[in-house]
Structure formats: structure tokens, C-alpha cells
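Participant: Shown below is the structure under consideration.
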Amino acid sequence: MADFFPDDPSDPKYRARTDARGDIIRATPWFFLPYPGQFGYPKINVPIFLGFLFAFIASAIESVGDYFAVAESCNAEPPPTHAINRGILTEGLLSLLSGAVGTGHATSTYSVSAAIPGITKVGSRYVLVLAGILAMLMGVVGKMGAVMSSIPEPVVGGVSLVGFGIIVGIGVSALRTVDLTSSRNLSIIGTSIFGAIVISDWLESNKGAIDTGSEQWNNIVDLVLGTPMMVGCIISIFLDNTVRGTDMERGLTTSREMSPFHSVSDIIQTSKDLGRMNSQTEELLDKGRRQCNGRDETIDIYNLPLIGRLQRRITCLRYVPFFQPYYQTHDTIQSNSTEKV
């Protein structure tokens, strides 16, 4: 109304207008339900398949980092192996589903979401379930999704500036258990970050510079080297496992000693020895609770409900990699001791 923002779409300031994308709302139908085959019969293309395969691997690596970042942001324990397996499995299944209905993209974590608990101080999973329901409604109710997509770019940029800033901070804080006075570690960190940026930028500026003699392999190499996260991951993993360094220097020993849940494994291991069940297990449990600083409820935060009972009756479920571990003491010790353990 004040004519502060220009009417010329070619002007960068035009993107700050709330009606800059008003045509999206008008053109979007009220309701839209994705269904398989809406864009025709599926086709198989080997280069595209391999390209998406490597992209999914890079996304899975990013997702693992997001899981740990969310736990760090919520001041929770690091996710165990079975929880990570379950998360990657879910992303894979939903990516198959999204591809089947023709959405044109996979399902994965969004790194800036890991910073939201740190900004809002809300880590409740009920809130995230509600957010997921709203996201599904936006995918079906077209107008609702169009309104969200019409948010001016400066607003999105401001939110991203804070969100990604916290993500960078969380990523750096993950190195707190590493000896940052070691020239070995500083070289690996610097080389990984610098190499990822330089190689990807060089490949972007020199398209077609790498020629393997096969168009398919050229696309694969371009995709892998053109993804800074993948390049940095490869360099850091290779250097960290080839350059000589002690466990203390690499942060492996320190991270295990600093974990407040280290005593929980001792409790489980001791509980297997039924002869020392009553006194020593309770003593270790009290010690573990003191170390957790009142966060006893987070010990089994990643466990699925009712799975323990099913594992007791169905033996094969004990070996499923995305279920929580099953401890045989549940079958042998008394019920009152089980609750204490």
C-alpha cells in the first residue's frame, strides 16, 4: 500500500512482497491426491538410477548426522545403532513410496529441522507428529501448501540463517571430544572442509573436465564429486582411518568415558549374572541414575513400545537390526527384579 516494494518482477526487492507468488495460490487446485502412474508408465534409466543411488547414500550419511544433531540439540543421549537403522530404513521405504506415487523426490531429513529444538526449546515428539500431519495435509490440500510456499524469500532466508547457523555450531560441538591441539586432527578437519569446497566448486566451474570414456560413469563421478558433503565425508573417513593416531587423540576413548550412560551397559551386563542380581545391580542402577542427572527416562527413549514383550514370545524378533536389543535376563529373573533393572 505504501509502494515500498517495486512492482517489477525482475527487481530483487520484488521477492520480498507477500504477493510475489500469488499466482501459485490461484493456480493450485484445492485438493490433489498423488497416485501411481499419474505421469505415465515408469521407465528405467541406468545413469539416473545410479545417480539417485549415490544421492541417497549421501542423504543417508547426512541423516545420521541429523539424528545426532537432534539428540545434541535436545540434550538427549546419542541414538543407538538400532534407532539409526530404523531411521534409515524408514527413509528408504518412504522414498520408495514417494517415487511410486510420482512426487519426484525422496524422503529424507532436513538439516535445519535439527536446529528447531534448540531455537524453540521444544523437543516433544508429539509436536513433531502434529507437524508431520500438517505436512501431509499440505500435500493433499493444495491451497494450504501453496500458501506455505508463497512465504517471501527474505523471511525464509532469515529463518535459514539462524537455523543453519545453529546446525554449524552443533556440528562443531561434535568435535569437543577430539583433541583439537593435535596437528593430526587439525589437518584432517581442515583438509576435509577445504577439499570438499574446492573440489565441488572446481567441478562446477569445469563441466566435462572429467572424462572416463563412459557417459554413465561421467555422470556418477560428477554427482559424487559435485556433492561437497560426500567429498568431505570420503576425505575425512579416509584420513582418520589411515593417518596414525591414538584413540584418545581421535576422541574415541574420551567419548565413551564422557557418556553419562556408560554405567547402563554395566547394569545390563551385571544383571545377566543372577547370583549378583539383588545388591550389585541396584547399586549400579543408582550410580547410573546419579550420572544421568535425573534423566532416567531417556535411557529407553529410542525403544519401540511393546517390542520387548514380542521379542520374549517370538525369538526371531530378537535379531531384527532395527529393534532394540533383547536381554535374556527378562526370561529368567523374577518380575519384581525385572522392573528394577
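How things are named: the first chain in the C-alpha cells is A, the next is B, and so on; residues count from 1 in each chain; ligands count from 1 in the order shown.
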Do a neighbour search on range 118-120 of chain A at 12 Å with only C-alpha atoms, toss out local chain neighbours closer than 2 positions, and write the hits as a ChimeraX atom specification.
Facilitator: /A:69-75,112-116,122-124,127,159-160,162-167,169-170
Participant: I need the residues from that last selection saved to file as an mmCIF file, in the first residue's frame (with N, CA, C and O atoms), if you can.
Facilitator:
data_model
loop_
_atom_site.group_PDB
_atom_site.id
_atom_site.type_symbol
_atom_site.label_atom_id
_atom_site.label_comp_id
_atom_site.auth_asym_id
_atom_site.auth_seq_id
_atom_site.Cartn_x
_atom_site.Cartn_y
_atom_site.Cartn_z
ATOM 1 N N ALA A 69 22.571 -34.674 15.684
ATOM 2 C CA ALA A 69 22.396 -33.242 15.929
ATOM 3 C C ALA A 69 21.112 -32.975 16.710
ATOM 4 O O ALA A 69 21.080 -32.118 17.599
ATOM 5 N N VAL A 70 20.048 -33.703 16.392
ATOM 6 C CA VAL A 70 18.791 -33.539 17.121
ATOM 7 C C VAL A 70 18.970 -33.960 18.579
ATOM 8 O O VAL A 70 18.495 -33.287 19.502
ATOM 9 N N ALA A 71 19.652 -35.085 18.785
ATOM 10 C CA ALA A 71 19.893 -35.533 20.157
ATOM 11 C C ALA A 71 20.716 -34.510 20.931
ATOM 12 O O ALA A 71 20.439 -34.225 22.100
ATOM 13 N N GLU A 72 21.715 -33.936 20.277
ATOM 14 C CA GLU A 72 22.531 -32.916 20.924
ATOM 15 C C GLU A 72 21.706 -31.670 21.220
ATOM 16 O O GLU A 72 21.828 -31.063 22.292
ATOM 17 N N SER A 73 20.848 -31.292 20.273
ATOM 18 C CA SER A 73 20.030 -30.100 20.462
ATOM 19 C C SER A 73 19.012 -30.284 21.572
ATOM 20 O O SER A 73 18.659 -29.314 22.259
ATOM 21 N N CYS A 74 18.531 -31.516 21.758
ATOM 22 C CA CYS A 74 17.546 -31.811 22.804
ATOM 23 C C CYS A 74 18.193 -32.229 24.111
ATOM 24 O O CYS A 74 17.478 -32.614 25.047
ATOM 25 N N ASN A 75 19.515 -32.229 24.169
ATOM 26 C CA ASN A 75 20.237 -32.658 25.369
ATOM 27 C C ASN A 75 19.873 -34.092 25.742
ATOM 28 O O ASN A 75 19.684 -34.424 26.911
ATOM 29 N N VAL A 112 18.066 -28.323 8.743
ATOM 30 C CA VAL A 112 17.685 -27.163 9.538
ATOM 31 C C VAL A 112 16.664 -27.542 10.604
ATOM 32 O O VAL A 112 16.529 -26.856 11.629
ATOM 33 N N SER A 113 15.954 -28.654 10.402
ATOM 34 C CA SER A 113 14.990 -29.093 11.409
ATOM 35 C C SER A 113 15.685 -29.503 12.698
ATOM 36 O O SER A 113 15.079 -29.455 13.776
ATOM 37 N N ALA A 114 16.925 -29.921 12.596
ATOM 38 C CA ALA A 114 17.667 -30.307 13.802
ATOM 39 C C ALA A 114 17.936 -29.111 14.698
ATOM 40 O O ALA A 114 18.180 -29.275 15.895
ATOM 41 N N ALA A 115 17.888 -27.913 14.141
ATOM 42 C CA ALA A 115 18.133 -26.715 14.938
ATOM 43 C C ALA A 115 16.865 -26.188 15.598
ATOM 44 O O ALA A 115 16.939 -25.360 16.500
ATOM 45 N N ILE A 116 15.691 -26.653 15.136
ATOM 46 C CA ILE A 116 14.433 -26.117 15.664
ATOM 47 C C ILE A 116 14.293 -26.363 17.166
ATOM 48 O O ILE A 116 13.895 -25.452 17.901
ATOM 49 N N VAL A 122 11.625 -26.811 22.365
ATOM 50 C CA VAL A 122 10.565 -27.820 22.377
ATOM 51 C C VAL A 122 11.105 -29.077 21.701
ATOM 52 O O VAL A 122 11.424 -29.057 20.515
ATOM 53 N N GLY A 123 11.235 -30.150 22.467
ATOM 54 C CA GLY A 123 11.736 -31.408 21.924
ATOM 55 C C GLY A 123 10.717 -32.521 21.986
ATOM 56 O O GLY A 123 11.072 -33.689 21.839
ATOM 57 N N SER A 124 9.447 -32.179 22.192
ATOM 58 C CA SER A 124 8.401 -33.194 22.318
ATOM 59 C C SER A 124 8.152 -33.874 20.979
ATOM 60 O O SER A 124 8.005 -33.212 19.940
ATOM 61 N N VAL A 127 4.774 -32.952 19.268
ATOM 62 C CA VAL A 127 4.771 -31.764 18.426
ATOM 63 C C VAL A 127 5.223 -32.116 17.010
ATOM 64 O O VAL A 127 4.665 -31.649 16.013
ATOM 65 N N VAL A 159 15.045 -17.144 8.497
ATOM 66 C CA VAL A 159 14.899 -18.370 9.296
ATOM 67 C C VAL A 159 16.056 -19.322 9.026
ATOM 68 O O VAL A 159 16.621 -19.926 9.939
ATOM 69 N N SER A 160 16.430 -19.459 7.755
ATOM 70 C CA SER A 160 17.528 -20.369 7.396
ATOM 71 C C SER A 160 18.852 -19.881 7.959
ATOM 72 O O SER A 160 19.710 -20.690 8.332
ATOM 73 N N VAL A 162 19.435 -18.349 10.789
ATOM 74 C CA VAL A 162 19.540 -18.762 12.186
ATOM 75 C C VAL A 162 19.632 -20.278 12.298
ATOM 76 O O VAL A 162 20.453 -20.817 13.045
ATOM 77 N N GLY A 163 18.774 -20.968 11.536
ATOM 78 C CA GLY A 163 18.737 -22.426 11.634
ATOM 79 C C GLY A 163 20.039 -23.082 11.237
ATOM 80 O O GLY A 163 20.593 -23.904 11.982
ATOM 81 N N PHE A 164 20.571 -22.701 10.078
ATOM 82 C CA PHE A 164 21.825 -23.307 9.632
ATOM 83 C C PHE A 164 23.003 -22.856 10.485
ATOM 84 O O PHE A 164 23.992 -23.571 10.608
ATOM 85 N N GLY A 165 22.891 -21.664 11.069
ATOM 86 C CA GLY A 165 23.942 -21.235 11.982
ATOM 87 C C GLY A 165 24.034 -22.147 13.195
ATOM 88 O O GLY A 165 25.131 -22.514 13.633
ATOM 89 N N ILE A 166 22.864 -22.532 13.724
ATOM 90 C CA ILE A 166 22.866 -23.453 14.862
ATOM 91 C C ILE A 166 23.367 -24.829 14.430
ATOM 92 O O ILE A 166 24.081 -25.510 15.172
ATOM 93 N N ILE A 167 23.014 -25.241 13.218
ATOM 94 C CA ILE A 167 23.483 -26.536 12.716
ATOM 95 C C ILE A 167 25.009 -26.556 12.646
ATOM 96 O O ILE A 167 25.653 -27.545 13.024
ATOM 97 N N GLY A 169 27.014 -24.790 14.447
ATOM 98 C CA GLY A 169 27.503 -24.841 15.822
ATOM 99 C C GLY A 169 27.410 -26.236 16.423
ATOM 100 O O GLY A 169 28.331 -26.693 17.107
ATOM 101 N N ILE A 170 26.290 -26.921 16.150
ATOM 102 C CA ILE A 170 26.138 -28.288 16.661
ATOM 103 C C ILE A 170 27.178 -29.216 16.028
ATOM 104 O O ILE A 170 27.754 -30.083 16.693
#
Participant: If we count only C-alpha atoms, what is near Pro6 in chain A at a cut-off of 12 Å, once residues fewer than 3 positions away on the same chain are taken out, given as a list in words?
Facilitator: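 Counting only C-alpha atoms, the residues come to Met1, Ala2, Asp3, Pro9, Ser10, Asp11, Pro12, Lys13, Tyr14, Arg15, Ala16, Arg17, Asp19 and Ala20 of chain A.
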Participant: For CA of Phe322 in chain A and CA of Leu306 in chain A, determine how far apart the two atoms are, in Å to one decimal place.
Facilitator: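 CA of Leu306 in chain A lies at a distance of 14.1 Å from CA of Phe322 in chain A.
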Participant: Check the DSSP output for the backbone and give back, as a PyMOL selection string, the residues of range 27-172 of chain A in helix (DSSP H, G or I).
Facilitator: chain A and resi 27+46-73+81-100+111-120+125-140+142-149+153-172
Participant: Which is closer to Gln324 in chain A than all the others in A:Met138, A:Leu310, A:Cys233, A:Leu180, using only C-alpha atoms?
Facilitator: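 For Gln324 in chain A, the nearest of the candidates is A:Leu310.
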Participant: Do a neighbour search on Val140 in chain A at 10 Å with only C-alpha atoms, toss out local chain neighbours closer than 5 positions, and write the hits as number ranges by chain.
Facilitator: A: 29-34, 134-135, 145
Participant: Would you kindly return, as a ChimeraX atom specification, each protein, DNA or RNA residue with an atom no farther than 6 Å from any atom of range 246-250 of chain A, considering only C-alpha atoms and excluding same-chain residues fewer than 3 positions away?
Facilitator: /A:178-179,253
Participant: Go through A:Val224, A:Gly208, A:Ser149, A:Ile314 and flag the residue nearest Asp23 in chain A, using only C-alpha atoms for the distances.
Facilitator: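 Once distances to Asp23 in chain A are computed over only C-alpha atoms, the minimum belongs to A:Ser149.
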Participant: I'd like to know which of A:Leu93, A:Thr177, A:Thr81, A:Ile61 is closest to Ile237 in chain A, using only C-alpha atoms.
Facilitator: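 Among the listed residues, A:Ile61 lies closest to Ile237 in chain A.
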Participant: Take CA of Ala27 in chain A and CA of Gly99 in chain A and report the distance between them in Å, one decimal.
Facilitator: 24.1 Å
Participant: Take CA of Ala60 in chain A and CA of Ile235 in chain A and report the distance between them in Å, one decimal.
Facilitator: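 Between CA of Ala60 in chain A and CA of Ile235 in chain A the gap works out to 17.1 Å.
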Participant: Could you give me, as a PyMOL selection string, the residues within 12 Å of Ile307 in chain A, counting only C-alpha atoms and dropping anything in the same chain fewer than 6 positions from it?
Facilitator: chain A and resi 313-318+320+322-326
Participant: With only C-alpha atoms as the counted atoms, please give the residues lying no more than 9 Å from Leu50 in chain A, apart from itself and same-chain residues fewer than 6 positions off, as a ChimeraX atom specification.
Facilitator: /A:216,219-220
